[in-house]
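One file, entry-v4.cif, carrying mmCIF, C-alpha atoms and all ligand atoms:
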```cif
data_model
#
loop_
_atom_site.label_atom_id
_atom_site.label_comp_id
_atom_site.auth_asym_id
_atom_site.auth_seq_id
_atom_site.Cartn_x
_atom_site.Cartn_y
_atom_site.Cartn_z
CA MET A 1 18.32 12.56 10.46
CA SER A 2 17.64 13.17 6.75
CA ALA A 3 14.18 14.28 5.56
CA PRO A 4 11.88 11.42 4.51
CA LEU A 5 11.51 10.62 0.81
CA LEU A 6 7.71 10.54 1.15
CA SER A 7 5.78 12.64 3.59
CA VAL A 8 1.97 12.41 3.72
CA SER A 9 0.16 14.85 5.94
CA GLU A 10 -3.53 14.70 6.93
CA LEU A 11 -4.44 13.13 3.55
CA THR A 12 -8.20 13.03 3.06
CA VAL A 13 -10.06 11.71 0.00
CA ARG A 14 -13.84 11.91 -0.29
CA PHE A 15 -16.04 11.11 -3.28
CA PRO A 16 -19.54 12.35 -4.00
CA ALA A 17 -22.13 9.55 -4.06
CA ARG A 18 -25.79 9.24 -5.05
CA GLY A 19 -28.37 11.10 -3.02
CA GLY A 20 -25.97 13.88 -2.08
CA ARG A 21 -24.03 11.52 0.14
CA THR A 22 -20.24 11.32 0.52
CA VAL A 23 -17.85 8.37 0.49
CA HIS A 24 -15.28 8.96 3.23
CA ALA A 25 -12.53 6.88 1.59
CA VAL A 26 -9.47 8.29 3.40
CA GLU A 27 -9.52 10.45 6.53
CA SER A 28 -6.51 12.36 7.89
CA VAL A 29 -3.83 9.85 6.97
CA SER A 30 -0.27 10.89 7.87
CA LEU A 31 2.80 8.76 7.24
CA THR A 32 6.38 8.91 6.03
CA ILE A 33 8.71 6.61 4.12
CA ALA A 34 12.48 7.04 4.29
CA GLN A 35 14.79 6.74 1.26
CA GLY A 36 14.93 3.01 0.48
CA GLY A 37 12.35 2.25 3.22
CA THR A 38 9.38 -0.11 3.04
CA LEU A 39 5.94 0.52 4.46
CA GLY A 40 3.13 -2.03 4.28
CA LEU A 41 -0.42 -0.71 4.27
CA VAL A 42 -2.86 -3.38 5.40
CA GLY A 43 -6.58 -3.63 6.06
CA GLU A 44 -9.75 -5.27 4.83
CA SER A 45 -11.22 -4.37 1.48
CA GLY A 46 -12.94 -0.99 1.77
CA SER A 47 -10.44 0.24 4.36
CA GLY A 48 -9.18 2.95 2.01
CA LYS A 49 -5.71 1.53 1.45
CA SER A 50 -5.91 1.48 -2.37
CA THR A 51 -7.29 5.03 -2.51
CA THR A 52 -4.46 6.13 -0.21
CA ALA A 53 -1.99 4.42 -2.56
CA ARG A 54 -3.46 6.12 -5.63
CA ALA A 55 -3.32 9.53 -3.96
CA ILE A 56 0.31 8.95 -2.95
CA ALA A 57 1.17 7.88 -6.51
CA GLY A 58 -0.39 11.10 -7.83
CA LEU A 59 -3.29 9.32 -9.57
CA GLN A 60 -5.95 10.75 -7.27
CA ALA A 61 -6.24 14.36 -6.15
CA PRO A 62 -6.74 14.63 -2.38
CA THR A 63 -9.77 16.43 -0.97
CA ALA A 64 -7.51 17.79 1.76
CA GLY A 65 -4.01 17.31 3.10
CA GLU A 66 -0.88 16.88 1.07
CA VAL A 67 1.70 14.50 -0.29
CA ARG A 68 5.34 15.57 -0.52
CA VAL A 69 8.18 13.80 -2.29
CA ASP A 70 11.61 14.91 -1.16
CA GLY A 71 9.94 17.98 0.33
CA GLU A 72 8.12 19.01 -2.88
CA PRO A 73 4.31 19.01 -3.13
CA PHE A 74 3.30 15.98 -5.23
CA GLY A 75 0.07 15.22 -7.07
CA PRO A 76 -1.64 14.69 -10.42
CA ARG A 77 -0.44 18.08 -11.67
CA SER A 78 3.19 17.80 -10.62
CA ALA A 79 5.90 18.32 -13.23
CA PRO A 80 6.83 15.15 -15.18
CA ALA A 81 10.36 15.15 -13.71
CA LEU A 82 8.86 14.85 -10.22
CA ARG A 83 6.11 12.39 -11.25
CA ARG A 84 8.80 10.11 -12.65
CA ARG A 85 10.22 9.60 -9.15
CA VAL A 86 7.08 7.74 -8.02
CA GLN A 87 5.72 4.80 -10.02
CA MET A 88 2.86 2.39 -9.40
CA VAL A 89 2.36 -1.35 -9.95
CA PHE A 90 -1.23 -2.64 -9.92
CA GLN A 91 -2.73 -5.98 -8.97
CA ASP A 92 -3.77 -6.58 -12.58
CA PRO A 93 -0.81 -6.09 -14.95
CA TYR A 94 -3.25 -5.56 -17.83
CA SER A 95 -3.93 -2.15 -16.23
CA SER A 96 -0.54 -0.97 -17.45
CA LEU A 97 0.13 -3.21 -20.48
CA ASP A 98 -1.41 -2.50 -23.88
CA PRO A 99 -2.90 -5.80 -25.10
CA ARG A 100 -2.33 -4.75 -28.74
CA ARG A 101 1.39 -4.04 -28.36
CA PRO A 102 4.40 -6.26 -27.64
CA VAL A 103 5.35 -6.00 -23.99
CA GLY A 104 8.72 -4.42 -24.88
CA TRP A 105 6.79 -1.43 -26.20
CA SER A 106 4.86 -1.10 -22.92
CA VAL A 107 8.14 -1.08 -20.98
CA GLU A 108 9.56 1.59 -23.32
CA GLU A 109 6.43 3.73 -23.23
CA PRO A 110 7.18 5.62 -19.95
CA LEU A 111 10.57 6.62 -21.39
CA MET A 112 8.81 7.95 -24.50
CA LEU A 113 6.29 9.86 -22.35
CA HIS A 114 9.14 11.42 -20.37
CA GLY A 115 11.17 12.16 -23.52
CA VAL A 116 14.12 10.08 -22.35
CA GLY A 117 16.94 9.30 -24.82
CA THR A 118 16.90 8.15 -28.42
CA ALA A 119 14.91 5.17 -29.66
CA ALA A 120 18.04 3.01 -29.34
CA VAL A 121 18.67 4.19 -25.76
CA ARG A 122 15.06 3.57 -24.78
CA ARG A 123 15.14 0.11 -26.30
CA ALA A 124 18.34 -0.76 -24.43
CA ARG A 125 16.91 0.49 -21.14
CA ALA A 126 13.68 -1.45 -21.61
CA LEU A 127 15.61 -4.66 -22.29
CA ALA A 128 17.81 -4.01 -19.24
CA ALA A 129 14.70 -3.49 -17.07
CA LEU A 130 13.19 -6.76 -18.32
CA ASP A 131 16.48 -8.52 -17.60
CA ALA A 132 16.60 -7.02 -14.08
CA CYS A 133 13.12 -8.44 -13.53
CA GLY A 134 14.29 -11.93 -14.45
CA LEU A 135 12.79 -12.02 -17.95
CA ASP A 136 14.54 -13.09 -21.13
CA PRO A 137 14.71 -9.89 -23.21
CA ARG A 138 13.47 -11.95 -26.19
CA LEU A 139 10.06 -11.94 -24.47
CA SER A 140 9.88 -8.23 -25.31
CA LEU A 141 8.43 -9.20 -28.69
CA ARG A 142 5.56 -11.19 -27.17
CA TYR A 143 2.09 -9.85 -26.46
CA PRO A 144 0.65 -9.79 -22.93
CA HIS A 145 -1.74 -12.68 -23.59
CA GLU A 146 1.23 -14.86 -24.64
CA LEU A 147 2.84 -14.58 -21.18
CA SER A 148 2.02 -16.28 -17.88
CA GLY A 149 0.49 -14.23 -15.03
CA GLY A 150 3.86 -14.11 -13.24
CA GLN A 151 5.68 -12.98 -16.39
CA ARG A 152 3.08 -10.26 -16.99
CA GLN A 153 3.53 -8.95 -13.45
CA ARG A 154 7.32 -8.93 -13.94
CA VAL A 155 6.81 -6.88 -17.13
CA ALA A 156 4.60 -4.44 -15.18
CA ILE A 157 7.35 -4.12 -12.57
CA ALA A 158 9.94 -3.56 -15.33
CA ARG A 159 7.71 -0.81 -16.75
CA ALA A 160 7.64 0.89 -13.35
CA LEU A 161 11.40 0.53 -12.87
CA VAL A 162 12.52 1.67 -16.30
CA VAL A 163 12.31 5.37 -15.37
CA GLU A 164 14.44 4.74 -12.26
CA PRO A 165 11.90 5.77 -9.59
CA GLU A 166 12.82 6.30 -5.96
CA LEU A 167 9.42 5.14 -4.65
CA VAL A 168 7.27 2.35 -6.09
CA VAL A 169 3.68 2.04 -4.89
CA LEU A 170 2.59 -1.59 -5.19
CA ASP A 171 -1.15 -2.21 -4.90
CA GLU A 172 -1.79 -5.90 -4.15
CA PRO A 173 0.99 -6.85 -6.62
CA THR A 174 0.88 -10.57 -5.82
CA SER A 175 -2.81 -11.13 -5.02
CA ALA A 176 -3.70 -12.46 -8.47
CA LEU A 177 -0.74 -14.89 -8.60
CA ASP A 178 -0.67 -18.48 -7.45
CA VAL A 179 1.36 -19.31 -4.36
CA SER A 180 4.64 -20.45 -5.97
CA VAL A 181 4.74 -17.54 -8.43
CA ARG A 182 3.84 -15.15 -5.60
CA ALA A 183 6.94 -16.24 -3.66
CA GLN A 184 9.14 -15.63 -6.72
CA VAL A 185 7.73 -12.15 -7.31
CA ILE A 186 8.21 -11.26 -3.64
CA GLU A 187 11.81 -12.42 -3.86
CA LEU A 188 12.26 -10.33 -7.00
CA LEU A 189 10.88 -7.22 -5.26
CA GLY A 190 13.33 -7.70 -2.38
CA ASP A 191 16.20 -8.17 -4.81
CA LEU A 192 15.28 -5.05 -6.84
CA ARG A 193 15.02 -2.98 -3.70
CA ARG A 194 18.48 -4.01 -2.54
CA ARG A 195 20.04 -3.43 -5.99
CA PHE A 196 18.44 -0.08 -6.74
CA SER A 197 17.71 1.32 -3.23
CA ILE A 198 14.03 1.81 -4.08
CA ALA A 199 11.47 2.60 -1.39
CA TYR A 200 8.18 0.67 -1.43
CA LEU A 201 4.68 1.45 -0.31
CA PHE A 202 3.25 -2.07 -0.34
CA VAL A 203 -0.53 -2.30 -0.17
CA SER A 204 -1.91 -5.73 0.67
CA HIS A 205 -4.57 -7.57 2.58
CA ASP A 206 -2.07 -10.46 2.88
CA LEU A 207 -0.37 -9.99 6.24
CA ALA A 208 2.11 -12.81 5.70
CA VAL A 209 3.41 -11.13 2.52
CA VAL A 210 3.64 -7.74 4.24
CA ARG A 211 5.57 -9.32 7.09
CA ARG A 212 8.14 -10.63 4.59
CA VAL A 213 8.53 -7.47 2.56
CA CYS A 214 8.05 -4.47 4.86
CA GLU A 215 10.01 -2.98 7.75
CA GLN A 216 7.17 -0.69 8.81
CA VAL A 217 3.46 -1.53 8.80
CA ALA A 218 0.37 0.69 8.98
CA VAL A 219 -3.09 -0.81 9.62
CA MET A 220 -6.13 0.96 8.15
CA TYR A 221 -9.75 0.69 9.23
CA LEU A 222 -12.52 2.63 7.50
CA GLY A 223 -10.18 5.22 6.00
CA ARG A 224 -7.98 5.86 9.04
CA ILE A 225 -4.65 4.47 10.21
CA VAL A 226 -5.31 2.81 13.56
CA GLU A 227 -1.81 1.45 14.24
CA HIS A 228 1.57 2.14 12.68
CA GLY A 229 4.88 0.73 13.78
CA PRO A 230 7.91 -1.46 13.12
CA ARG A 231 7.07 -4.90 11.73
CA GLU A 232 8.38 -6.89 14.70
CA GLN A 233 6.51 -4.77 17.21
CA LEU A 234 3.27 -4.84 15.26
CA PHE A 235 3.24 -8.57 14.58
CA LYS A 236 4.51 -9.68 17.99
CA ALA A 237 2.67 -7.23 20.23
CA PRO A 238 -0.21 -5.57 18.36
CA GLN A 239 -1.80 -2.81 20.43
CA HIS A 240 -4.98 -1.81 18.65
CA PRO A 241 -7.99 -4.15 19.09
CA TYR A 242 -8.52 -4.18 15.32
CA THR A 243 -4.89 -5.11 14.61
CA ARG A 244 -5.22 -7.94 17.14
CA ALA A 245 -8.39 -9.17 15.44
CA LEU A 246 -6.79 -8.95 12.00
CA LEU A 247 -3.72 -10.93 13.07
CA ALA A 248 -5.77 -13.48 14.99
CA SER A 249 -7.75 -14.15 11.82
CA VAL A 250 -4.59 -15.45 10.09
CA PRO A 251 -3.83 -18.88 11.61
CA THR A 252 -0.13 -18.82 10.69
CA LEU A 253 0.42 -15.39 12.22
CA GLY A 254 -1.92 -15.10 15.15
CA ARG A 255 -1.67 -18.48 16.79
CA GLU A 256 -0.65 -16.93 20.08
CA LEU A 257 -3.58 -14.48 20.01
CA ALA A 258 -7.01 -15.67 20.98
CA PRO A 259 -9.40 -14.42 18.32
CA PRO A 260 -11.48 -11.64 19.86
CA PRO A 261 -15.23 -11.94 19.37
CA LEU A 262 -15.58 -9.53 16.49
CA SER A 263 -19.16 -9.07 15.46
CA GLY A 264 -20.59 -7.68 12.26
CA ASP A 265 -18.99 -6.25 9.15
CA PRO A 266 -17.14 -2.97 8.84
CA ALA A 267 -19.49 -0.01 8.47
CA SER A 268 -19.91 1.63 5.08
CA PRO A 269 -17.55 4.49 4.24
CA LEU A 270 -20.79 6.25 3.21
CA ALA A 271 -21.78 6.41 6.87
CA PRO A 272 -18.78 5.86 9.16
CA PRO A 273 -19.82 5.54 12.81
CA PRO A 274 -19.17 8.53 15.07
CA GLY A 275 -16.26 8.40 17.48
CA CYS A 276 -13.95 5.44 16.89
CA ALA A 277 -15.10 3.85 13.61
CA PHE A 278 -14.31 0.42 15.08
CA HIS A 279 -16.48 0.86 18.17
CA PRO A 280 -19.56 -1.11 16.97
CA ARG A 281 -17.33 -4.22 16.68
CA CYS A 282 -14.79 -3.58 19.42
CA PRO A 283 -14.80 -6.04 22.34
CA HIS A 284 -13.01 -3.44 24.51
CA ARG A 285 -15.28 -0.44 24.07
CA HIS A 286 -17.01 -0.95 27.45
CA GLU A 287 -13.63 -0.63 29.20
CA VAL A 288 -13.47 3.05 28.27
CA ALA A 289 -15.44 5.42 30.47
CA ASP A 290 -18.12 7.90 29.45
CA GLU A 291 -18.96 6.25 26.13
CA ARG A 292 -15.91 8.00 24.80
CA CYS A 293 -15.43 5.36 22.08
CA SER A 294 -18.74 6.24 20.41
CA LEU A 295 -18.30 9.99 20.81
CA GLU A 296 -14.67 10.93 20.26
CA VAL A 297 -12.35 10.01 17.37
CA PRO A 298 -9.11 8.58 18.83
CA PHE A 299 -6.00 10.06 17.21
CA LEU A 300 -2.67 8.31 16.73
CA ARG A 301 -0.45 8.66 19.77
CA GLU A 302 3.04 7.38 20.45
CA HIS A 303 3.00 4.06 22.26
CA GLY A 304 6.49 2.61 22.61
CA THR A 305 7.91 2.35 19.09
CA SER A 306 4.42 2.40 17.52
CA ARG A 307 1.58 4.89 17.11
CA VAL A 308 -1.88 3.70 18.11
CA ALA A 309 -5.32 5.32 17.74
CA CYS A 310 -7.30 3.92 20.67
CA HIS A 311 -8.68 5.46 23.85
CA LEU A 312 -7.42 2.39 25.70
CA GLN A 313 -3.89 3.02 24.55
CA ALA A 314 -2.70 4.14 27.97
CA THR A 315 -3.83 0.95 29.67
CA PRO A 316 -2.92 -2.59 28.64
CA LEU A 317 -5.59 -4.46 26.72
CA THR A 318 -7.19 -7.28 28.61
CA PRO A 319 -6.85 -10.61 26.79
CA ARG A 320 -10.03 -11.85 25.10
FE1 LIG A 401 -12.13 -0.10 20.88
FE2 LIG A 401 -12.58 2.27 22.01
FE3 LIG A 401 -10.12 1.61 21.27
FE4 LIG A 401 -11.96 2.12 19.41
S1 LIG A 401 -11.13 3.58 20.91
S2 LIG A 401 -10.54 0.45 19.39
S3 LIG A 401 -13.79 1.29 20.39
S4 LIG A 401 -11.36 0.63 22.85
#
```
The structure given in the file should be rewritten as structure tokens.
Amino acid sequence: MSAPLLSVSELTVRFPARGGRTVHAVESVSLTIAQGGTLGLVGESGSGKSTTARAIAGLQAPTAGEVRVDGEPFGPRSAPALRRRVQMVFQDPYSSLDPRRPVGWSVEEPLMLHGVGTAAVRRARALAALDACGLDPRLSLRYPHELSGGQRQRVAIARALVVEPELVVLDEPTSALDVSVRAQVIELLGDLRRRFSIAYLFVSHDLAVVRRVCEQVAVMYLGRIVEHGPREQLFKAPQHPYTRALLASVPTLGRELAPPPLSGDPASPLAPPPGCAFHPRCPHRHEVADERCSLEVPFLREHGTSRVACHLQATPLTPR
């Protein structure tokens, strides 16, 4: 089996906060993505998925652990030739488009930064990228505010693609779009992936979108991956109590799952609970002996084709 394109090992990101406290944004996250593979990273807001995405894209230095691309250490200080292989698309296209420049310039800009080709070559590549993203190249002369939200997101995708990356990290790329435009952008992403064999790390709180786009899915809760497995396995037979609660909260996905009685909100990443971070809300914690759930962090262990971080993993969950 060939080495994965992306390999993340024990990635940890912490930020200093007021009063000498620490935000535990990402804790010991390990994952891989194969060449041309797709991994969806899901979880509620504050679960650490966007920080994980930024660290993987080399926009955030990890506190500990490492990211490797094709076996090479990858981060904010990596050589431009390596950085070029991983690109990011944000929820808000204005994050990557200069409002004072025509959008064609913003698509060309990464080629300029990487010193690719002559002006004529860069222009031709930018127009080709816009065309690949379903935009009339004549739109290259328009300014971001003159385009619709869907067109702006297509331009942002063209800007990521123009340097021919092998991995694109997409952080909630369709969340700001209305439903019909969202479906078109999702179709475009699938089409681009097939044409150019790009791998995706797709970050979203929208489980239905992740189910359409991603072959593998990882669920995050308070900075940790709690379940990671193939899409069909995870959506049809979720193992972790939090995954079950998350799916049951989406009527179109979790109809067959009775919603478990989840109480309270997730804890703050400023003060994650000891043991399993989900234990204050978990309806199954009393099924584990010796108060292990509140004392001992459960680590991901193989469970069929998935990996699950739960002390109950060895015994089937009782329906709730
Ligand atoms: Fe619930 Fe315990 Fe499993 Fe955490 S380890 S999800 S508290 S049963």
With only C-alpha atoms counted, which protein, DNA or RNA residues have an atom no more than 12 Å from (0.6, -5.6, -25.6) in the file frame? Please answer as a list in words.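 Protein and nucleic acid residues near the point are Pro93, Tyr94, Ser95, Ser96, Leu97, Asp98, Pro99, Arg100, Arg101, Pro102, Val103, Gly104, Trp105, Ser106, Val107, Glu108, Glu109, Leu139, Ser140, Leu141, Arg142, Tyr143, Pro144, His145, Glu146, Leu147, Arg152, Val155 and Ala156 of chain A.
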Selection as a list in words: residues within 8 Å of (-19.2, 6.1, 5.7), counting all atoms listed in the file: Thr22, Val23, His24, Ala25, Leu222, Ala267, Ser268, Pro269, Leu270, Ala271, Pro272 and Pro273 of chain A
For atom CA of A:Asp178 and atom CA of A:Ser47, the interatomic separation in Å (one decimal):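 Computing the Euclidean distance for atom CA of A:Asp178 and atom CA of A:Ser47 yields 24.2 Å.
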Considering all atoms listed in the file, can you say which of A:Pro238, A:Pro274, A:Pro280, A:Gly117 comes closest to ligand LIG 401 (chain A)?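 Nearest candidate to ligand LIG 401 (chain A) out of A:Pro238, A:Pro274, A:Pro280, A:Gly117: A:Pro280.
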At a cut-off of 6 Å and counting all atoms listed in the file, what residues surround ligand LIG 401 (chain A)? Please answer as an NGL selection string. :A and (241 or 276 or 278-279 or 282 or 284-285 or 293 or 298 or 310-312)
What separates atom CA of A:Arg307 and atom CA of A:Lys236 is a distance of 14.9 Å
A:His114, A:Arg211, A:Lys49, A:Arg195 ranked by distance to A:Cys133, top pick (using all atoms listed in the file): A:Arg195
Take atom CA of A:Cys214 and atom CA of A:Ile186 and report the distance between them in Å, one decimal. 10.9 Å
Exercise: stretch 81-86 of chain A partners within 6 Å, all atoms listed in the file, chain neighbours under 5 positions left out, as a list of chain:residue names: A:Pro165, A:Glu166, A:Leu167, A:Val168
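The residue that comes closest to A:Gly304, out of A:Ala237, A:Leu188, A:Leu59, A:Ile225 and on the basis of all atoms listed in the file, is A:Ala237.
Here the question is which of A:Thr243, A:Gln184, A:Thr63, A:Gln153 gets nearest to A:Gln91 using all atoms listed in the file, and that residue is A:Gln153.
With all atoms listed in the file as the atoms that count, the residue of A:Arg231, A:Gln313, A:Phe299, A:Ser9 with the shortest distance to A:Glu287 is A:Gln313.
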Residue nearest A:Arg244 - candidates A:Gly43, A:Arg138, A:Ser2, A:Asp131, atoms counted: only C-alpha atoms: A:Gly43
Can you pull out the residues contacting A:Ala132? Cut-off 12 Å, using all atoms listed in the file, and skip same-chain residues under 5 positions away; I want them as a ChimeraX atom specification. /A:125-127,137,154-155,157-162,188-189,191-193,195-196
Got a sec: who's within 10 Å of A:Glu72, counting all atoms listed in the file, leaving out chain neighbours fewer than 5 positions off, as a ChimeraX atom specification? /A:5-7,67,78,82
Completed stretch 154-164 of chain A (all heavy atoms) as a PDB file, in the coordinates of the input:
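Written output follows (part_3.pdb):
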```pdb
ATOM      1  N   ARG A 154       5.916  -9.343 -13.848  1.00  0.00           N
ATOM      2  CA  ARG A 154       7.320  -8.930 -13.940  1.00  0.00           C
ATOM      3  C   ARG A 154       7.485  -7.819 -14.992  1.00  0.00           C
ATOM      4  O   ARG A 154       8.264  -6.889 -14.810  1.00  0.00           O
ATOM      5  CB  ARG A 154       8.209 -10.119 -14.309  1.00  0.00           C
ATOM      6  CG  ARG A 154       8.448 -11.075 -13.155  1.00  0.00           C
ATOM      7  CD  ARG A 154       9.193 -12.325 -13.623  1.00  0.00           C
ATOM      8  NE  ARG A 154       9.253 -13.314 -12.567  1.00  0.00           N
ATOM      9  CZ  ARG A 154      10.318 -13.503 -11.783  1.00  0.00           C
ATOM     10  NH1 ARG A 154      11.410 -12.796 -11.966  1.00  0.00           N
ATOM     11  NH2 ARG A 154      10.291 -14.409 -10.833  1.00  0.00           N
ATOM     12  N   VAL A 155       6.744  -7.941 -16.103  1.00  0.00           N
ATOM     13  CA  VAL A 155       6.810  -6.880 -17.130  1.00  0.00           C
ATOM     14  C   VAL A 155       6.274  -5.571 -16.543  1.00  0.00           C
ATOM     15  O   VAL A 155       6.852  -4.494 -16.749  1.00  0.00           O
ATOM     16  CB  VAL A 155       5.994  -7.276 -18.388  1.00  0.00           C
ATOM     17  CG1 VAL A 155       5.910  -6.098 -19.350  1.00  0.00           C
ATOM     18  CG2 VAL A 155       6.613  -8.478 -19.079  1.00  0.00           C
ATOM     19  N   ALA A 156       5.165  -5.658 -15.790  1.00  0.00           N
ATOM     20  CA  ALA A 156       4.600  -4.440 -15.180  1.00  0.00           C
ATOM     21  C   ALA A 156       5.602  -3.816 -14.205  1.00  0.00           C
ATOM     22  O   ALA A 156       5.721  -2.581 -14.117  1.00  0.00           O
ATOM     23  CB  ALA A 156       3.287  -4.775 -14.469  1.00  0.00           C
ATOM     24  N   ILE A 157       6.331  -4.646 -13.490  1.00  0.00           N
ATOM     25  CA  ILE A 157       7.350  -4.120 -12.570  1.00  0.00           C
ATOM     26  C   ILE A 157       8.487  -3.487 -13.370  1.00  0.00           C
ATOM     27  O   ILE A 157       8.981  -2.403 -13.023  1.00  0.00           O
ATOM     28  CB  ILE A 157       7.865  -5.247 -11.632  1.00  0.00           C
ATOM     29  CG1 ILE A 157       6.732  -5.726 -10.715  1.00  0.00           C
ATOM     30  CG2 ILE A 157       9.049  -4.765 -10.798  1.00  0.00           C
ATOM     31  CD1 ILE A 157       7.028  -7.016  -9.958  1.00  0.00           C
ATOM     32  N   ALA A 158       8.886  -4.126 -14.477  1.00  0.00           N
ATOM     33  CA  ALA A 158       9.940  -3.560 -15.330  1.00  0.00           C
ATOM     34  C   ALA A 158       9.506  -2.198 -15.871  1.00  0.00           C
ATOM     35  O   ALA A 158      10.302  -1.247 -15.947  1.00  0.00           O
ATOM     36  CB  ALA A 158      10.255  -4.512 -16.481  1.00  0.00           C
ATOM     37  N   ARG A 159       8.229  -2.087 -16.237  1.00  0.00           N
ATOM     38  CA  ARG A 159       7.710  -0.810 -16.750  1.00  0.00           C
ATOM     39  C   ARG A 159       7.798   0.278 -15.676  1.00  0.00           C
ATOM     40  O   ARG A 159       8.102   1.437 -15.975  1.00  0.00           O
ATOM     41  CB  ARG A 159       6.256  -1.017 -17.192  1.00  0.00           C
ATOM     42  CG  ARG A 159       5.579   0.230 -17.714  1.00  0.00           C
ATOM     43  CD  ARG A 159       4.127  -0.081 -18.048  1.00  0.00           C
ATOM     44  NE  ARG A 159       3.325   1.127 -17.980  1.00  0.00           N
ATOM     45  CZ  ARG A 159       3.047   1.897 -19.015  1.00  0.00           C
ATOM     46  NH1 ARG A 159       3.497   1.590 -20.215  1.00  0.00           N
ATOM     47  NH2 ARG A 159       2.322   2.978 -18.858  1.00  0.00           N
ATOM     48  N   ALA A 160       7.527  -0.096 -14.430  1.00  0.00           N
ATOM     49  CA  ALA A 160       7.640   0.890 -13.350  1.00  0.00           C
ATOM     50  C   ALA A 160       9.102   1.272 -13.094  1.00  0.00           C
ATOM     51  O   ALA A 160       9.419   2.430 -12.824  1.00  0.00           O
ATOM     52  CB  ALA A 160       7.006   0.332 -12.069  1.00  0.00           C
ATOM     53  N   LEU A 161       9.986   0.299 -13.215  1.00  0.00           N
ATOM     54  CA  LEU A 161      11.400   0.530 -12.870  1.00  0.00           C
ATOM     55  C   LEU A 161      12.181   1.278 -13.937  1.00  0.00           C
ATOM     56  O   LEU A 161      13.206   1.882 -13.641  1.00  0.00           O
ATOM     57  CB  LEU A 161      12.105  -0.822 -12.687  1.00  0.00           C
ATOM     58  CG  LEU A 161      11.886  -1.594 -11.426  1.00  0.00           C
ATOM     59  CD1 LEU A 161      12.868  -2.746 -11.378  1.00  0.00           C
ATOM     60  CD2 LEU A 161      12.079  -0.704 -10.214  1.00  0.00           C
ATOM     61  N   VAL A 162      11.696   1.210 -15.183  1.00  0.00           N
ATOM     62  CA  VAL A 162      12.520   1.670 -16.300  1.00  0.00           C
ATOM     63  C   VAL A 162      12.865   3.164 -16.204  1.00  0.00           C
ATOM     64  O   VAL A 162      13.893   3.610 -16.714  1.00  0.00           O
ATOM     65  CB  VAL A 162      11.836   1.312 -17.652  1.00  0.00           C
ATOM     66  CG1 VAL A 162      10.683   2.260 -17.951  1.00  0.00           C
ATOM     67  CG2 VAL A 162      12.839   1.272 -18.776  1.00  0.00           C
ATOM     68  N   VAL A 163      12.022   3.933 -15.508  1.00  0.00           N
ATOM     69  CA  VAL A 163      12.310   5.370 -15.370  1.00  0.00           C
ATOM     70  C   VAL A 163      13.095   5.671 -14.083  1.00  0.00           C
ATOM     71  O   VAL A 163      13.232   6.817 -13.679  1.00  0.00           O
ATOM     72  CB  VAL A 163      11.017   6.228 -15.411  1.00  0.00           C
ATOM     73  CG1 VAL A 163      10.385   6.191 -16.789  1.00  0.00           C
ATOM     74  CG2 VAL A 163      10.018   5.760 -14.353  1.00  0.00           C
ATOM     75  N   GLU A 164      13.595   4.625 -13.454  1.00  0.00           N
ATOM     76  CA  GLU A 164      14.440   4.740 -12.260  1.00  0.00           C
ATOM     77  C   GLU A 164      13.767   5.548 -11.130  1.00  0.00           C
ATOM     78  O   GLU A 164      14.276   6.575 -10.679  1.00  0.00           O
ATOM     79  CB  GLU A 164      15.798   5.356 -12.633  1.00  0.00           C
ATOM     80  CG  GLU A 164      16.539   4.476 -13.631  1.00  0.00           C
ATOM     81  CD  GLU A 164      17.866   5.073 -14.082  1.00  0.00           C
ATOM     82  OE1 GLU A 164      18.139   6.242 -13.753  1.00  0.00           O
ATOM     83  OE2 GLU A 164      18.600   4.359 -14.761  1.00  0.00           O
TER      84      GLU A 164
END
```
